[in-house]
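J.: Contents of structure-v7.csv (CSV, C-alpha atoms) are below:
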```csv
chain,number,residue,atom,x,y,z
A,669,MET,CA,13.3,-50.5,-60.9
A,670,ILE,CA,16.9,-51.3,-60.0
A,671,LYS,CA,17.9,-49.8,-56.7
A,672,LEU,CA,21.6,-49.2,-56.0
A,673,LEU,CA,23.2,-48.4,-52.7
A,674,LEU,CA,26.6,-46.7,-53.1
A,675,VAL,CA,29.0,-46.8,-50.2
A,676,ALA,CA,31.9,-44.4,-49.4
A,677,GLY,CA,33.9,-44.4,-46.2
A,678,ALA,CA,37.0,-42.2,-46.8
A,679,ARG,CA,38.3,-39.5,-49.1
A,680,PRO,CA,39.5,-41.8,-51.9
A,681,ASN,CA,36.1,-43.4,-51.9
A,682,PHE,CA,34.4,-40.1,-52.6
A,683,MET,CA,36.5,-39.7,-55.7
A,684,LYS,CA,35.5,-43.2,-56.9
A,685,ILE,CA,31.8,-42.9,-56.4
A,686,ALA,CA,31.5,-39.3,-57.8
A,687,PRO,CA,32.0,-40.3,-61.5
A,688,ILE,CA,29.5,-43.1,-61.0
A,689,VAL,CA,26.9,-40.7,-59.5
A,690,HIS,CA,27.6,-38.2,-62.3
A,691,GLU,CA,27.0,-41.0,-64.9
A,692,LEU,CA,23.7,-42.1,-63.2
A,693,ARG,CA,22.5,-38.5,-63.2
A,694,ARG,CA,23.4,-38.1,-66.9
A,695,ARG,CA,21.4,-41.1,-67.8
A,696,TYR,CA,18.5,-40.9,-65.4
A,697,GLY,CA,18.3,-37.3,-64.2
A,698,THR,CA,17.8,-36.1,-60.6
A,699,ALA,CA,14.4,-34.5,-60.4
A,700,GLY,CA,12.1,-37.4,-59.7
A,701,ARG,CA,10.0,-38.5,-56.7
A,702,HIS,CA,12.0,-39.6,-53.7
A,703,GLU,CA,10.6,-42.7,-52.0
A,704,PRO,CA,11.2,-42.5,-48.2
A,705,ALA,CA,13.6,-45.1,-46.8
A,706,GLY,CA,11.6,-45.6,-43.6
A,707,GLN,CA,12.3,-44.8,-40.0
A,708,LEU,CA,16.0,-45.3,-39.3
A,709,GLY,CA,16.3,-43.2,-36.2
A,710,THR,CA,19.6,-41.6,-35.8
A,711,VAL,CA,21.2,-43.6,-38.6
A,712,GLN,CA,19.6,-41.6,-41.4
A,713,THR,CA,21.0,-38.2,-42.0
A,714,ALA,CA,21.7,-36.2,-45.1
A,715,GLY,CA,25.3,-35.6,-44.3
A,716,PRO,CA,27.7,-34.4,-41.6
A,717,GLY,CA,25.5,-32.3,-39.4
A,718,GLN,CA,22.5,-32.0,-41.8
A,719,PRO,CA,19.1,-33.6,-41.4
A,720,ALA,CA,17.6,-35.8,-44.1
A,721,ASP,CA,14.8,-34.2,-46.1
A,722,GLY,CA,15.0,-36.0,-49.4
A,723,SER,CA,16.4,-33.0,-51.2
A,724,GLY,CA,19.7,-34.6,-51.9
A,725,ALA,CA,18.5,-38.1,-52.6
A,726,LYS,CA,19.2,-39.9,-55.8
A,727,ALA,CA,15.9,-41.6,-56.3
A,728,LYS,CA,13.8,-42.6,-59.3
A,729,ALA,CA,14.7,-39.7,-61.4
A,730,GLU,CA,12.5,-39.2,-64.4
A,731,ALA,CA,9.1,-40.4,-65.5
A,732,GLY,CA,9.8,-43.9,-66.8
A,733,ALA,CA,13.3,-44.1,-65.4
A,734,ASP,CA,14.1,-47.6,-64.0
A,735,VAL,CA,17.1,-46.9,-61.8
A,736,ALA,CA,17.3,-45.4,-58.4
A,737,TRP,CA,20.3,-44.8,-56.2
A,738,ARG,CA,21.4,-43.6,-52.8
A,739,VAL,CA,24.7,-42.8,-51.2
A,740,VAL,CA,25.9,-44.0,-47.8
A,741,HIS,CA,28.8,-42.2,-46.1
A,742,THR,CA,30.0,-44.4,-43.3
A,743,GLY,CA,31.9,-41.6,-41.5
A,744,GLN,CA,35.1,-43.7,-41.5
A,745,HIS,CA,36.7,-40.4,-42.6
A,746,TYR,CA,35.6,-38.5,-39.6
A,747,ASP,CA,36.9,-35.0,-40.5
A,748,PHE,CA,33.4,-33.7,-41.1
A,749,GLU,CA,34.4,-30.4,-42.7
A,750,MET,CA,36.8,-32.1,-45.1
A,751,SER,CA,34.1,-34.6,-46.0
A,752,ARG,CA,31.8,-31.7,-46.8
A,753,THR,CA,34.4,-30.0,-48.9
A,754,PHE,CA,35.0,-33.2,-51.0
A,755,PHE,CA,31.3,-33.6,-51.6
A,756,GLU,CA,31.0,-30.0,-52.8
A,757,GLU,CA,34.1,-30.1,-55.0
A,758,LEU,CA,33.1,-33.3,-56.6
A,759,GLU,CA,29.5,-32.0,-57.1
A,760,LEU,CA,27.9,-34.7,-54.9
A,761,ASP,CA,24.7,-34.1,-53.0
A,762,ALA,CA,24.9,-34.6,-49.3
A,763,PRO,CA,24.8,-38.4,-48.6
A,764,ASP,CA,21.4,-39.9,-47.9
A,765,HIS,CA,22.8,-41.8,-44.9
A,766,PHE,CA,25.7,-40.8,-42.7
A,767,LEU,CA,26.7,-43.5,-40.2
A,768,ASN,CA,29.2,-41.4,-38.2
A,769,VAL,CA,31.3,-44.4,-37.2
A,770,GLY,CA,34.5,-42.4,-36.5
A,771,SER,CA,38.0,-43.5,-35.6
A,772,ALA,CA,38.7,-46.8,-33.8
A,773,SER,CA,40.8,-49.9,-34.1
A,774,HIS,CA,40.3,-51.9,-37.3
A,775,ALA,CA,38.1,-54.4,-35.6
A,776,GLU,CA,36.0,-51.9,-33.7
A,777,GLN,CA,35.6,-49.6,-36.7
A,778,ALA,CA,34.5,-52.5,-39.0
A,779,ALA,CA,32.1,-53.7,-36.3
A,780,ARG,CA,30.6,-50.2,-36.0
A,781,VAL,CA,30.2,-50.0,-39.8
A,782,MET,CA,28.4,-53.3,-39.9
A,783,THR,CA,26.1,-52.5,-37.0
A,784,ALA,CA,25.2,-49.1,-38.5
A,785,PHE,CA,24.9,-50.3,-42.1
A,786,GLU,CA,22.6,-53.3,-41.5
A,787,PRO,CA,19.5,-51.2,-40.7
A,788,VAL,CA,20.1,-49.0,-43.8
A,789,CYS,CA,20.3,-52.1,-46.0
A,790,LEU,CA,17.2,-53.6,-44.5
A,791,ALA,CA,15.3,-50.3,-44.9
A,792,GLU,CA,16.5,-49.5,-48.4
A,793,ARG,CA,16.1,-53.1,-49.8
A,794,PRO,CA,18.6,-52.4,-52.6
A,795,ASP,CA,19.1,-54.7,-55.6
A,796,ARG,CA,22.8,-54.2,-55.3
A,797,VAL,CA,25.3,-52.7,-52.9
A,798,VAL,CA,28.3,-51.0,-54.6
A,799,VAL,CA,31.5,-50.7,-52.6
A,800,VAL,CA,34.7,-49.1,-53.8
A,801,GLY,CA,38.4,-49.3,-52.9
A,802,ASP,CA,39.8,-51.1,-49.9
A,803,VAL,CA,39.0,-49.3,-46.7
A,804,ASN,CA,37.4,-51.0,-43.7
A,805,SER,CA,34.0,-49.7,-44.8
A,806,THR,CA,34.4,-51.5,-48.1
A,807,MET,CA,34.8,-54.9,-46.5
A,808,ALA,CA,32.3,-54.3,-43.7
A,809,CYS,CA,29.4,-53.2,-45.9
A,810,ALA,CA,30.1,-56.0,-48.4
A,811,LEU,CA,29.8,-58.5,-45.6
A,812,VAL,CA,26.6,-57.1,-44.3
A,813,ALA,CA,25.0,-57.0,-47.8
A,814,VAL,CA,26.0,-60.5,-48.8
A,815,LYS,CA,24.7,-61.9,-45.4
A,816,LEU,CA,21.4,-60.2,-46.2
A,817,GLY,CA,21.3,-61.8,-49.6
A,818,VAL,CA,22.0,-58.5,-51.4
A,819,PRO,CA,24.4,-58.8,-54.4
A,820,VAL,CA,27.6,-56.8,-54.1
A,821,ALA,CA,29.7,-55.0,-56.8
A,822,HIS,CA,33.3,-54.1,-56.0
A,823,VAL,CA,34.8,-51.2,-57.9
A,824,GLU,CA,38.6,-51.5,-58.1
A,825,ALA,CA,38.5,-55.3,-57.6
A,826,GLY,CA,41.5,-57.6,-58.0
A,827,LEU,CA,44.3,-55.3,-56.8
A,828,ARG,CA,46.9,-57.1,-54.7
A,829,SER,CA,50.0,-56.0,-52.9
A,830,PHE,CA,50.7,-59.6,-51.7
A,831,ASP,CA,51.5,-58.0,-48.3
A,832,ARG,CA,49.1,-59.3,-45.7
A,833,ALA,CA,50.6,-56.9,-43.1
A,834,MET,CA,48.7,-54.2,-44.9
A,835,PRO,CA,45.1,-54.0,-43.5
A,836,GLU,CA,43.9,-52.9,-46.9
A,837,GLU,CA,45.1,-56.2,-48.5
A,838,ILE,CA,42.9,-58.2,-46.1
A,839,ASN,CA,40.0,-55.9,-47.0
A,840,ARG,CA,40.6,-56.4,-50.7
A,841,LEU,CA,40.7,-60.2,-50.4
A,842,VAL,CA,37.6,-60.5,-48.3
A,843,THR,CA,35.6,-58.1,-50.4
A,844,ASP,CA,36.5,-59.9,-53.6
A,845,ALA,CA,35.7,-63.2,-52.1
A,846,VAL,CA,32.1,-62.3,-51.4
A,847,ALA,CA,31.3,-59.9,-54.2
A,848,ASP,CA,29.3,-61.2,-57.2
A,849,LEU,CA,30.5,-58.5,-59.6
A,850,LEU,CA,34.2,-57.5,-59.7
A,851,LEU,CA,34.9,-54.3,-61.6
A,852,VAL,CA,38.6,-54.2,-62.4
A,853,SER,CA,40.8,-51.2,-63.0
A,854,GLU,CA,44.0,-52.7,-64.5
A,855,PRO,CA,45.1,-56.0,-66.1
A,856,SER,CA,46.9,-57.3,-63.0
A,857,GLY,CA,43.5,-57.3,-61.3
A,858,LEU,CA,42.1,-59.8,-63.9
A,859,ALA,CA,45.2,-62.0,-63.5
A,860,ASN,CA,44.9,-62.0,-59.7
A,861,LEU,CA,41.2,-62.9,-59.8
A,862,GLU,CA,41.8,-65.6,-62.3
A,863,ARG,CA,44.4,-67.2,-59.9
A,864,GLU,CA,41.8,-67.0,-57.2
A,865,GLY,CA,39.1,-68.6,-59.3
A,866,ARG,CA,37.0,-65.5,-59.6
A,867,ALA,CA,37.6,-64.5,-63.2
A,868,GLY,CA,34.0,-65.4,-64.2
A,869,ASN,CA,32.7,-62.6,-62.0
A,870,ALA,CA,35.3,-60.0,-63.3
A,871,ARG,CA,34.9,-57.2,-65.9
A,872,PHE,CA,37.7,-54.9,-67.0
A,873,VAL,CA,36.2,-51.5,-66.9
A,874,GLY,CA,39.1,-49.2,-66.4
A,875,ASN,CA,40.0,-46.8,-63.7
A,876,VAL,CA,37.3,-44.5,-62.3
A,877,MET,CA,39.8,-42.5,-60.3
A,878,ILE,CA,41.0,-41.2,-63.7
A,879,ASP,CA,37.4,-40.1,-64.4
A,880,ALA,CA,37.5,-38.0,-61.2
A,881,LEU,CA,40.9,-36.7,-62.2
A,882,HIS,CA,39.7,-35.4,-65.5
A,883,PHE,CA,36.6,-33.9,-63.8
A,884,GLY,CA,39.0,-32.1,-61.4
A,885,LEU,CA,41.2,-30.8,-64.2
A,886,ARG,CA,38.1,-29.4,-66.0
A,887,LYS,CA,37.0,-27.6,-62.8
A,888,LEU,CA,40.4,-26.0,-62.5
A,889,GLU,CA,40.2,-24.5,-66.0
A,890,GLY,CA,39.7,-20.8,-66.1
A,891,ARG,CA,40.2,-20.3,-62.4
A,892,GLU,CA,42.7,-17.9,-60.8
A,893,LEU,CA,45.1,-20.3,-59.2
A,894,PRO,CA,48.1,-19.6,-56.9
A,895,ALA,CA,51.5,-19.8,-58.3
A,896,HIS,CA,53.8,-22.5,-56.8
A,897,PRO,CA,57.6,-22.5,-57.0
A,898,ALA,CA,59.3,-24.7,-59.5
A,899,PRO,CA,60.9,-27.2,-59.3
A,900,ARG,CA,59.0,-28.6,-56.4
A,901,ALA,CA,58.3,-31.9,-54.8
A,902,VAL,CA,55.0,-32.9,-53.1
A,903,VAL,CA,54.9,-35.5,-50.3
A,904,THR,CA,52.1,-37.6,-48.7
A,905,LEU,CA,53.1,-39.9,-45.9
A,906,HIS,CA,50.7,-41.7,-43.6
A,907,ARG,CA,51.1,-45.5,-43.5
A,908,PRO,CA,51.8,-47.0,-40.0
A,909,SER,CA,55.0,-48.7,-41.3
A,910,ASN,CA,56.4,-45.3,-42.2
A,911,VAL,CA,55.2,-43.0,-39.5
A,912,ASP,CA,54.5,-45.0,-36.4
A,913,THR,CA,58.1,-45.6,-35.2
A,914,GLN,CA,60.5,-42.8,-34.3
A,915,ARG,CA,63.4,-44.4,-36.2
A,916,GLN,CA,61.6,-44.9,-39.5
A,917,LEU,CA,59.8,-41.5,-39.5
A,918,GLY,CA,62.9,-39.7,-38.4
A,919,ALA,CA,65.0,-41.3,-41.1
A,920,LEU,CA,62.5,-40.3,-43.8
A,921,LEU,CA,62.3,-36.8,-42.5
A,922,ASP,CA,66.0,-36.5,-42.8
A,923,VAL,CA,65.9,-37.4,-46.5
A,924,LEU,CA,63.0,-35.0,-47.0
A,925,ALA,CA,65.1,-32.3,-45.4
A,926,GLU,CA,67.9,-33.1,-47.9
A,927,ILE,CA,65.5,-32.8,-50.8
A,928,GLY,CA,64.1,-29.6,-49.3
A,929,ARG,CA,67.6,-28.0,-49.5
A,930,ASP,CA,67.6,-28.8,-53.2
A,931,MET,CA,64.0,-27.9,-54.1
A,932,THR,CA,60.9,-26.7,-52.3
A,933,VAL,CA,59.0,-29.6,-50.7
A,934,PHE,CA,55.2,-29.3,-50.0
A,935,PHE,CA,54.1,-31.7,-47.4
A,936,PRO,CA,50.3,-31.8,-46.7
A,937,ILE,CA,50.5,-33.7,-43.5
A,938,HIS,CA,48.1,-36.4,-42.4
A,939,PRO,CA,46.9,-36.0,-38.8
A,940,ARG,CA,48.5,-39.4,-37.8
A,941,THR,CA,51.9,-38.2,-39.2
A,942,ARG,CA,51.6,-34.8,-37.6
A,943,LYS,CA,50.8,-36.3,-34.2
A,944,ASN,CA,53.8,-38.7,-34.4
A,945,ILE,CA,56.2,-35.9,-35.5
A,946,ASP,CA,55.1,-34.0,-32.4
A,947,ALA,CA,55.1,-37.0,-30.1
A,948,PHE,CA,58.6,-38.1,-31.2
A,949,GLY,CA,60.0,-34.6,-31.1
A,950,LEU,CA,61.1,-34.8,-34.8
A,951,ALA,CA,60.1,-31.4,-36.1
A,952,GLY,CA,63.7,-30.2,-35.8
A,953,ARG,CA,64.8,-32.7,-38.4
A,954,LEU,CA,63.4,-30.3,-41.0
A,955,ALA,CA,65.2,-27.2,-39.8
A,956,GLY,CA,67.0,-25.3,-42.4
A,957,ALA,CA,65.2,-26.9,-45.3
A,958,ASP,CA,62.4,-25.6,-47.5
A,959,VAL,CA,59.8,-28.2,-46.4
A,960,ARG,CA,56.4,-26.6,-46.1
A,961,LEU,CA,54.1,-28.5,-43.7
A,962,LEU,CA,50.5,-27.9,-44.8
A,963,PRO,CA,47.1,-29.2,-43.4
A,964,PRO,CA,45.3,-31.8,-45.4
A,965,LEU,CA,44.1,-30.1,-48.6
A,966,PRO,CA,40.8,-30.1,-50.4
A,967,TYR,CA,40.9,-32.2,-53.6
A,968,LEU,CA,41.2,-29.4,-56.2
A,969,GLU,CA,43.8,-27.5,-54.2
A,970,PHE,CA,45.9,-30.6,-53.8
A,971,LEU,CA,45.5,-31.5,-57.5
A,972,HIS,CA,46.7,-28.0,-58.5
A,973,LEU,CA,49.7,-28.4,-56.2
A,974,TRP,CA,51.0,-31.8,-57.5
A,975,ARG,CA,50.1,-31.7,-61.2
A,976,GLY,CA,53.0,-29.4,-61.9
A,977,ALA,CA,55.4,-31.0,-59.5
A,978,ALA,CA,58.8,-32.2,-60.6
A,979,LEU,CA,58.4,-35.2,-58.3
A,980,VAL,CA,55.7,-36.7,-56.0
A,981,LEU,CA,56.7,-38.9,-53.1
A,982,THR,CA,54.0,-41.0,-51.5
A,983,ASP,CA,53.0,-44.1,-49.6
A,984,SER,CA,49.4,-43.8,-50.7
A,985,GLY,CA,47.6,-45.7,-53.4
A,986,GLY,CA,45.5,-43.5,-55.6
A,987,ILE,CA,48.1,-40.9,-56.3
A,988,GLN,CA,50.3,-43.5,-57.9
A,989,GLU,CA,47.6,-43.8,-60.5
A,990,GLU,CA,46.9,-40.1,-60.9
A,991,THR,CA,50.6,-39.2,-61.4
A,992,THR,CA,50.8,-42.0,-64.0
A,993,ALA,CA,47.8,-40.5,-65.8
A,994,LEU,CA,49.4,-37.0,-66.0
A,995,GLY,CA,53.0,-38.2,-66.5
A,996,VAL,CA,54.3,-36.8,-63.2
A,997,PRO,CA,57.3,-38.8,-61.8
A,998,CYS,CA,56.3,-40.6,-58.6
A,999,PHE,CA,58.3,-42.3,-55.9
A,1000,THR,CA,56.3,-44.9,-53.9
A,1001,LEU,CA,57.8,-45.3,-50.4
A,1002,ARG,CA,56.7,-48.9,-49.9
A,1003,ASP,CA,58.2,-52.3,-50.7
A,1004,THR,CA,55.1,-53.4,-52.6
A,1005,THR,CA,52.3,-51.9,-54.6
A,1006,GLU,CA,48.9,-53.2,-55.5
A,1007,ARG,CA,48.9,-51.0,-58.6
A,1008,PRO,CA,51.8,-52.6,-60.6
A,1009,VAL,CA,50.7,-51.1,-63.9
A,1010,THR,CA,51.9,-47.7,-62.6
A,1011,VAL,CA,55.4,-49.2,-62.4
A,1012,ASP,CA,55.2,-51.4,-65.5
A,1013,GLU,CA,53.7,-48.8,-67.8
A,1014,GLY,CA,53.6,-45.5,-65.9
A,1015,THR,CA,55.8,-43.0,-64.1
A,1016,ASN,CA,55.9,-44.7,-60.7
A,1017,VAL,CA,59.1,-46.0,-59.2
A,1018,LEU,CA,58.7,-48.5,-56.3
A,1019,VAL,CA,61.5,-47.1,-54.2
A,1020,GLY,CA,60.9,-49.0,-50.9
A,1021,ALA,CA,60.5,-47.8,-47.4
A,1022,SER,CA,64.3,-47.4,-46.7
A,1023,ALA,CA,65.6,-43.9,-46.3
A,1024,GLU,CA,68.8,-45.0,-48.0
A,1025,LYS,CA,67.0,-46.3,-51.0
A,1026,LEU,CA,65.0,-43.0,-51.2
A,1027,ARG,CA,68.3,-41.0,-51.0
A,1028,ALA,CA,69.8,-43.1,-53.8
A,1029,ALA,CA,66.6,-42.8,-56.0
A,1030,TYR,CA,66.5,-39.1,-55.5
A,1031,ALA,CA,70.2,-38.7,-56.5
A,1032,ALA,CA,69.6,-40.7,-59.6
A,1033,PHE,CA,66.5,-38.6,-60.4
A,1034,ARG,CA,68.5,-35.3,-60.1
A,1035,GLY,CA,71.1,-36.9,-62.2
A,1036,GLY,CA,68.6,-37.3,-65.1
A,1037,ALA,CA,67.0,-40.7,-64.4
A,1038,VAL,CA,63.5,-39.3,-64.8
A,1039,LYS,CA,61.0,-42.1,-65.5
A,1040,ARG,CA,58.6,-41.6,-68.5
A,1041,GLY,CA,55.5,-43.7,-69.0
A,1042,ARG,CA,52.3,-44.0,-70.8
A,1043,VAL,CA,48.6,-44.0,-69.8
A,1044,PRO,CA,47.4,-47.5,-69.2
A,1045,GLU,CA,44.5,-49.1,-71.2
A,1046,LEU,CA,41.0,-47.9,-70.4
A,1047,TRP,CA,42.3,-45.0,-68.2
A,1048,ASP,CA,40.4,-42.8,-70.5
A,1049,GLY,CA,38.0,-40.9,-68.2
A,1050,ARG,CA,35.1,-43.0,-69.3
A,1051,ALA,CA,35.2,-45.9,-66.8
A,1052,ALA,CA,32.0,-44.7,-65.0
A,1053,GLY,CA,30.0,-45.4,-68.1
A,1054,ARG,CA,31.3,-49.0,-68.3
A,1055,ILE,CA,30.7,-49.4,-64.6
A,1056,VAL,CA,27.1,-48.3,-64.9
A,1057,ASP,CA,26.6,-50.6,-67.9
A,1058,ALA,CA,27.8,-53.5,-65.7
A,1059,LEU,CA,25.7,-52.5,-62.7
A,1060,ILE,CA,22.5,-52.2,-64.7
A,1061,GLY,CA,23.1,-55.1,-67.0
A,1062,GLY,CA,25.2,-57.3,-64.8
```
Is it possible to express this structure as structure tokens?

T.:
Amino acid sequence: MIKLLLVAGARPNFMKIAPIVHELRRRYGTAGRHEPAGQLGTVQTAGPGQPADGSGAKAKAEAGADVAWRVVHTGQHYDFEMSRTFFEELELDAPDHFLNVGSASHAEQAARVMTAFEPVCLAERPDRVVVVGDVNSTMACALVAVKLGVPVAHVEAGLRSFDRAMPEEINRLVTDAVADLLLVSEPSGLANLEREGRAGNARFVGNVMIDALHFGLRKLEGRELPAHPAPRAVVTLHRPSNVDTQRQLGALLDVLAEIGRDMTVFFPIHPRTRKNIDAFGLAGRLAGADVRLLPPLPYLEFLHLWRGAALVLTDSGGIQEETTALGVPCFTLRDTTERPVTVDEGTNVLVGASAEKLRAAYAAFRGGAVKRGRVPELWDGRAAGRIVDALIGG
């Protein structure tokens, strides 16, 4: 039997592991005998606030099946109710292990993940640990596994912003340096890994985030959905470089207010951003504009909001890919992107972090400079099948 341990730490990770779990279920079923993981004390729980009883485990599934898997949620995303909502919407069982590491500095959070994940790895004795994305949990669990002699697969390997001021860039570099199987989502990832001498471990499998996107779109079919005004813009903003100084955040809010006087702006606001707007006394910058501040939204609600938008403005990563897949114009409010295919082939415009550049880009957009793109290679909603082929045969 091949035993896989799938690790998720934050909301984007859930969306990347969900299609892999769905593919494992499709191939191997879910109704088999669950082998206990052993006594793990307070580390082993079935999910946020739920005891482990084996009912949600992804174990040896059918008579004769030769693959077993379990899911570890590190708790790096520490909003428990939002975590639960994502698991429900993505049709994931409660995780087999919830590490509850919570918020902290990068160093402390990574240390907590490593300390909590090591006993899970020792008890489960997996044949491979699967990490996704670029959060602190990705790097920390990869390091634990490789030091225990457990092979590591990295889903979304090879992405590079070439900006080492981004903590995620360090996480990507370290994870790819220790992983033995590098599962790549776009051609730039292959080129980057070749430069780093890692091409022999790489496989181009496509983008599993697009699998999750297709899954979400299917779930929205036939539902009664709220109507949203058109045209509209949708904003996500959370990176420290954009929201942690009064000057930068204030300048960006000024431009969002200008856009909000031209069209409705929906702004699901990250807790970090909300806290800083309040601390810096910047809420008044949005006065008189139709900028609607919302709490963080469940996945399907957010998808319904932005898929019909005239424009998405973001400093995040995954939504650059999702907007390209659906042909929605996207402004990325950063100076670099680790997903260059969204700019080279897709609908993404790398505007930069300057308020003046954003103002100019929006003026051009309203003047008719609307970027059109195409869906990149292997962003076909079937990446999970290629990933499972690589995990089982690789």

J.: Around (40.7, -32.4, -49.6) in the file's own coordinates, what residues are found within 10 Å if you use only C-alpha atoms, given back as a ChimeraX atom specification?

T.: /A:679-680,749-755,757,963-971

J.: Which polymer residues have any atom within 9 Å of an atom of Ile1060 of chain A, counting all atoms listed in the file, with same-chain residues fewer than 5 positions away left out, as a list in words?

T.: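 Contacts, with the query itself left out: Ile670, Val735 and Ile1055 of chain A.
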
J.: In file coordinates, which residues lie within 9 Å of (60.8, -24.3, -56.4) using all atoms listed in the file, given as a list in words?

T.: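 Using all atoms listed in the file, the matching residues come out as His896, Pro897, Ala898, Pro899, Arg900, Ala901, Asp930, Met931, Thr932 and Val933 of chain A.
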
J.: Quick one: residues within 6 Å of segment 1038-1053 of chain A, only C-alpha atoms, excluding same-chain residues fewer than 3 positions away - as an MDAnalysis selection string?

T.: chainID A and resid 687:688 873:876 878:879 993 1013:1015 1033 1056

J.: For the selection you just gave me, I'd like the residues written to a file as a CSV table (one decimal), in the coordinates of the input, keeping C-alpha atoms.

T.:
```
chain,number,residue,atom,x,y,z
A,687,PRO,CA,32.0,-40.3,-61.5
A,688,ILE,CA,29.5,-43.1,-61.0
A,873,VAL,CA,36.2,-51.5,-66.9
A,874,GLY,CA,39.1,-49.2,-66.4
A,875,ASN,CA,40.0,-46.8,-63.7
A,876,VAL,CA,37.3,-44.5,-62.3
A,878,ILE,CA,41.0,-41.2,-63.7
A,879,ASP,CA,37.4,-40.1,-64.4
A,993,ALA,CA,47.8,-40.5,-65.8
A,1013,GLU,CA,53.7,-48.8,-67.8
A,1014,GLY,CA,53.6,-45.5,-65.9
A,1015,THR,CA,55.8,-43.0,-64.1
A,1033,PHE,CA,66.5,-38.6,-60.4
A,1056,VAL,CA,27.1,-48.3,-64.9
```

J.: Compare A:Met834, A:Ala676, A:Ile937, A:Leu692 by their minimum atom-to-atom distance to Ser909 of chain A, counting all atoms listed in the file, and give me the closest one.

T.: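 Among A:Met834, A:Ala676, A:Ile937, A:Leu692, it is A:Met834 that comes nearest to Ser909 of chain A.
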
J.: Could you name the residues that touch segment 803-814 of chain A at 8 Å or less, counting only C-alpha atoms, but leaving out those on the same chain fewer than 3 positions away, as a ChimeraX atom specification?

T.: /A:675-678,742,744,774,777-779,781-782,785-786,789,797,799-800,817-820,836,839-840,842-843,846-847

J.: Nearest residue to Lys684 of chain A out of A:Val823, A:Ala791, A:Ala762, A:Ala736, using only C-alpha atoms?

T.: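 Looking only at the distances to Lys684 of chain A, the closest residue turns out to be A:Val823.
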
J.: A:Val923, A:Asp946, A:Gly865, A:Asp761: which is nearest Glu1024 of chain A, counting all atoms listed in the file?

T.: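 Closest candidate: A:Val923.
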
J.: Excluding segment 983-989 of chain A and any residue of its chain fewer than 5 positions from it, enumerate the residues within 6 Å of it, using only C-alpha atoms, and give them as a list in words.

T.: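 In the requested format, the answer is Leu905, Thr1000 and Leu1001 of chain A.
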
J.: Quick one, how far is atom CA of Leu850 of chain A from atom CA of Thr1005 of chain A?

T.: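 Pair atom CA of Leu850 of chain A / atom CA of Thr1005 of chain A returns 19.6 Å.
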
J.: What is the atom CA of Leu962 of chain A to atom CA of Val902 of chain A distance in Å?

T.: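 Calculated distance between atom CA of Leu962 of chain A and atom CA of Val902 of chain A is 10.7 Å.
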
J.: Mind giving me the straight-line distance from atom CA of Arg1002 of chain A to atom CA of Leu979 of chain A in Å, one decimal?

T.: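 Interatomic distance here is 16.2 Å.
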
J.: Choose the residue, out of A:Ala1037, A:Ala775, A:Val798, A:Ala686, that has the smallest atom-to-atom separation from Leu672 of chain A; count all atoms listed in the file.

T.: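 Between A:Ala1037, A:Ala775, A:Val798, A:Ala686, the residue approaching Leu672 of chain A most closely is A:Val798.
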
J.: Select, from A:Ala977, A:Val788, A:Leu954, A:Val740, the residue with the minimum atom-to-atom distance to Asp764 of chain A, counting all atoms listed in the file.

T.: A:Val740

J.: Counting all atoms listed in the file, figure out which residue out of A:Leu917, A:Ala1021, A:Leu758, A:Ala925 gets nearest to Lys943 of chain A.

T.: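 Looking only at the distances to Lys943 of chain A, the closest residue turns out to be A:Leu917.
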